[in-house]
Amino acid sequence: MTMPQTRPFTGRHIAIILVAFFGVVIAVNLLMARLAIGTFGGTVVDNSYVASQNFNDWLAKARSEQALGWRVAVSRDSAGQVIVTASDAQGQPLSGAIVTAVARHPLGRRPEQALTFAPAGTGFRSTAPLGSGRWQLLVTIRHGKQAMRVAADLA
């Protein structure tokens, strides 16, 4: 019985295997880096140390806003205008409140928009429509000396 002849495993073979292996690793890393950079919308905070110093103040402010007991709902109508309904702890509409908002695109691809509101029925309607797409709103409601900020996502 004769053995089939095999080609010897040379340094050239190992070089081809190593170049192919590291080529795949580098290609995947470049692809992942490009995807990560392309979908990052910017910084969350400019200085994390300064933000950490304000954290307890932010928590205290959030607790005082929750203690108000206000109920706030944010939506968008078919014309693109933002509707904000707000009621106090007893369920009464917050008539006479001043409502403003800042709309940000989640990935920062569109410019930030400031919205103002006018009373409309039992709520408030933005004076200008908000563009289509997904938006993150930071709504501020001031009623007398009290104020509340609410974050909302609109799709």
# chains A, B, ... in the order shown; residues from 1 in each chain; ligands from 1

$ select_by_dssp --residues "segment 9-151 of chain A" --states "strand (DSSP E)" --output "short mmCIF file (atom, residue, chain, number, x, y, z; two decimals) with N, CA, C and O atoms, in the first residue's frame"
data_model
loop_
_atom_site.label_atom_id
_atom_site.label_comp_id
_atom_site.auth_asym_id
_atom_site.auth_seq_id
_atom_site.Cartn_x
_atom_site.Cartn_y
_atom_site.Cartn_z
N ARG A 71 -49.28 66.13 37.12
CA ARG A 71 -49.33 65.10 36.08
C ARG A 71 -49.19 65.79 34.72
O ARG A 71 -49.96 66.69 34.42
N VAL A 72 -48.24 65.35 33.94
CA VAL A 72 -47.95 65.99 32.66
C VAL A 72 -47.94 64.93 31.57
O VAL A 72 -47.36 63.86 31.74
N ALA A 73 -48.60 65.24 30.46
CA ALA A 73 -48.60 64.35 29.29
C ALA A 73 -48.18 65.17 28.08
O ALA A 73 -48.62 66.32 27.91
N VAL A 74 -47.31 64.59 27.25
CA VAL A 74 -46.81 65.27 26.05
C VAL A 74 -47.12 64.39 24.85
O VAL A 74 -46.86 63.19 24.86
N SER A 75 -47.69 65.00 23.81
CA SER A 75 -48.00 64.27 22.58
C SER A 75 -47.85 65.22 21.39
O SER A 75 -47.60 66.40 21.56
N ARG A 76 -48.02 64.67 20.20
CA ARG A 76 -47.96 65.48 18.98
C ARG A 76 -49.20 65.17 18.15
O ARG A 76 -49.56 64.01 17.98
N VAL A 82 -46.97 70.18 19.12
CA VAL A 82 -46.82 69.46 20.38
C VAL A 82 -47.92 69.90 21.34
O VAL A 82 -48.19 71.10 21.48
N ILE A 83 -48.55 68.94 21.98
CA ILE A 83 -49.63 69.20 22.94
C ILE A 83 -49.13 68.79 24.32
O ILE A 83 -48.66 67.67 24.51
N VAL A 84 -49.23 69.71 25.28
CA VAL A 84 -48.86 69.43 26.66
C VAL A 84 -50.09 69.63 27.53
O VAL A 84 -50.71 70.68 27.50
N THR A 85 -50.47 68.59 28.27
CA THR A 85 -51.54 68.72 29.24
C THR A 85 -50.92 68.55 30.62
O THR A 85 -50.12 67.65 30.85
N ALA A 86 -51.30 69.45 31.53
CA ALA A 86 -50.74 69.43 32.87
C ALA A 86 -51.84 69.68 33.87
O ALA A 86 -52.69 70.55 33.68
N SER A 87 -51.83 68.89 34.93
CA SER A 87 -52.82 69.07 36.00
C SER A 87 -52.11 69.00 37.35
O SER A 87 -51.05 68.40 37.48
N ILE A 98 -46.93 78.78 32.38
CA ILE A 98 -46.08 79.12 31.24
C ILE A 98 -45.31 77.85 30.86
O ILE A 98 -44.62 77.27 31.69
N VAL A 99 -45.47 77.43 29.62
CA VAL A 99 -44.86 76.19 29.14
C VAL A 99 -43.87 76.51 28.03
O VAL A 99 -44.20 77.23 27.09
N THR A 100 -42.66 75.99 28.16
CA THR A 100 -41.65 76.08 27.11
C THR A 100 -41.01 74.69 26.96
O THR A 100 -41.14 73.85 27.84
N ALA A 101 -40.34 74.49 25.85
CA ALA A 101 -39.69 73.20 25.63
C ALA A 101 -38.49 73.37 24.69
O ALA A 101 -38.45 74.32 23.90
N VAL A 102 -37.57 72.46 24.82
CA VAL A 102 -36.44 72.36 23.89
C VAL A 102 -36.50 70.97 23.29
O VAL A 102 -36.56 69.97 24.00
N ALA A 103 -36.51 70.91 21.96
CA ALA A 103 -36.57 69.64 21.25
C ALA A 103 -35.19 69.33 20.67
O ALA A 103 -34.60 70.17 19.99
N ARG A 104 -34.70 68.13 20.98
CA ARG A 104 -33.40 67.69 20.47
C ARG A 104 -33.58 66.40 19.69
O ARG A 104 -34.32 65.52 20.11
N GLN A 113 -34.36 72.75 18.68
CA GLN A 113 -35.45 73.69 18.44
C GLN A 113 -36.07 74.11 19.76
O GLN A 113 -36.37 73.26 20.60
N ALA A 114 -36.25 75.42 19.93
CA ALA A 114 -36.94 75.93 21.11
C ALA A 114 -38.42 76.07 20.75
O ALA A 114 -38.76 76.57 19.68
N LEU A 115 -39.30 75.58 21.63
CA LEU A 115 -40.74 75.65 21.39
C LEU A 115 -41.39 76.52 22.45
O LEU A 115 -41.04 76.45 23.62
N THR A 116 -42.35 77.32 22.02
CA THR A 116 -43.18 78.07 22.95
C THR A 116 -44.61 77.56 22.80
O THR A 116 -44.98 77.03 21.76
N PHE A 117 -45.39 77.74 23.84
CA PHE A 117 -46.74 77.18 23.87
C PHE A 117 -47.76 78.25 24.20
O PHE A 117 -47.48 79.21 24.92
N ALA A 118 -48.96 78.05 23.68
CA ALA A 118 -50.10 78.92 23.97
C ALA A 118 -51.21 78.05 24.57
O ALA A 118 -51.34 76.87 24.22
N PRO A 119 -52.00 78.62 25.47
CA PRO A 119 -53.11 77.85 26.04
C PRO A 119 -54.05 77.37 24.94
O PRO A 119 -54.35 78.09 24.00
N ALA A 120 -54.51 76.13 25.08
CA ALA A 120 -55.45 75.54 24.11
C ALA A 120 -56.35 74.58 24.87
O ALA A 120 -55.92 73.49 25.23
N GLY A 123 -55.16 72.37 27.93
CA GLY A 123 -53.73 72.14 27.84
C GLY A 123 -53.03 73.28 27.14
O GLY A 123 -53.48 74.42 27.15
N PHE A 124 -51.93 72.94 26.50
CA PHE A 124 -51.11 73.93 25.81
C PHE A 124 -50.67 73.33 24.48
O PHE A 124 -50.37 72.16 24.38
N ARG A 125 -50.64 74.19 23.44
CA ARG A 125 -50.26 73.75 22.10
C ARG A 125 -49.07 74.59 21.64
O ARG A 125 -49.04 75.80 21.85
N SER A 126 -48.10 73.94 21.01
CA SER A 126 -46.93 74.67 20.53
C SER A 126 -47.36 75.66 19.45
O SER A 126 -48.26 75.39 18.66
N TRP A 135 -37.95 62.83 18.38
CA TRP A 135 -37.42 63.96 19.12
C TRP A 135 -37.43 63.66 20.61
O TRP A 135 -38.30 62.96 21.10
N GLN A 136 -36.47 64.24 21.31
CA GLN A 136 -36.46 64.21 22.78
C GLN A 136 -36.76 65.62 23.25
O GLN A 136 -36.08 66.57 22.85
N LEU A 137 -37.81 65.76 24.05
CA LEU A 137 -38.23 67.06 24.53
C LEU A 137 -37.92 67.23 26.01
O LEU A 137 -38.11 66.29 26.78
N LEU A 138 -37.46 68.41 26.37
CA LEU A 138 -37.32 68.79 27.76
C LEU A 138 -38.31 69.93 27.97
O LEU A 138 -38.07 71.06 27.53
N VAL A 139 -39.44 69.61 28.60
CA VAL A 139 -40.54 70.55 28.78
C VAL A 139 -40.41 71.19 30.17
O VAL A 139 -40.21 70.49 31.16
N THR A 140 -40.55 72.51 30.23
CA THR A 140 -40.52 73.24 31.50
C THR A 140 -41.89 73.89 31.70
O THR A 140 -42.36 74.61 30.82
N ILE A 141 -42.49 73.64 32.87
CA ILE A 141 -43.80 74.20 33.20
C ILE A 141 -43.61 75.07 34.45
O ILE A 141 -43.14 74.58 35.48
N ARG A 142 -43.97 76.33 34.33
CA ARG A 142 -43.88 77.26 35.47
C ARG A 142 -45.29 77.71 35.82
O ARG A 142 -46.02 78.19 34.97
N HIS A 143 -45.63 77.53 37.09
CA HIS A 143 -46.95 77.95 37.59
C HIS A 143 -46.72 78.67 38.91
O HIS A 143 -46.40 78.02 39.91
N GLN A 146 -43.63 77.90 41.38
CA GLN A 146 -43.26 76.50 41.25
C GLN A 146 -42.93 76.18 39.79
O GLN A 146 -43.49 76.78 38.87
N ALA A 147 -42.04 75.23 39.60
CA ALA A 147 -41.65 74.82 38.25
C ALA A 147 -41.38 73.33 38.23
O ALA A 147 -41.00 72.73 39.24
N MET A 148 -41.59 72.75 37.07
CA MET A 148 -41.33 71.32 36.87
C MET A 148 -40.76 71.12 35.48
O MET A 148 -41.20 71.75 34.53
N ARG A 149 -39.78 70.24 35.41
CA ARG A 149 -39.21 69.86 34.10
C ARG A 149 -39.55 68.40 33.84
O ARG A 149 -39.43 67.56 34.73
N VAL A 150 -39.95 68.13 32.60
CA VAL A 150 -40.34 66.78 32.21
C VAL A 150 -39.63 66.42 30.91
O VAL A 150 -39.61 67.23 29.96
N ALA A 151 -39.05 65.25 30.86
CA ALA A 151 -38.43 64.75 29.62
C ALA A 151 -39.42 63.82 28.94
O ALA A 151 -40.08 63.02 29.60
#

$ atom_distance --atom1 "atom CA of Met32 of chain A" --atom2 "atom CA of Val45 of chain A"
23.8 Å

$ residues_around --residues "Gly80 of chain A" --least-positions-apart "5" --cutoff "8 Å" --atoms "only C-alpha atoms" --output "list of chain:residue names"
A:Pro129, A:Leu130, A:Gly131, A:Ser132

$ write_last_selection --atoms "N, CA and C atoms" --output "compact mmCIF listing (two decimals), in the first residue's frame"
# COMPACT_ATOMS: atom_id res chain seq x y z
N PRO A 129 -45.10 74.03 14.52
CA PRO A 129 -45.02 72.57 14.47
C PRO A 129 -43.59 72.08 14.63
N LEU A 130 -43.48 70.87 15.11
CA LEU A 130 -42.19 70.20 15.26
C LEU A 130 -42.02 69.28 14.07
N GLY A 131 -40.83 69.27 13.48
CA GLY A 131 -40.58 68.45 12.30
C GLY A 131 -40.85 66.97 12.56
N SER A 132 -41.06 66.24 11.50
CA SER A 132 -41.35 64.82 11.63
C SER A 132 -40.12 64.08 12.13

$ closest_residue --among "A:Val44, A:Leu107, A:Leu68, A:Val50" --to "Gly91 of chain A" --atoms "only C-alpha atoms"
A:Leu68

$ closest_residue --among "A:Trp70, A:Pro106, A:Lys61, A:Ala15" --to "Gln90 of chain A" --atoms "only C-alpha atoms"
A:Trp70

$ atom_distance --atom1 "atom CA of Gln66 of chain A" --atom2 "atom CA of Glu112 of chain A"
26.9 Å

$ atom_distance --atom1 "atom CA of Phe40 of chain A" --atom2 "atom CA of Gly108 of chain A"
8.6 Å

$ select_by_dssp --residues "chain A" --states "helix (DSSP H, G or I)" --output "PyMOL selection string"
chain A and resi 11-39+48-68
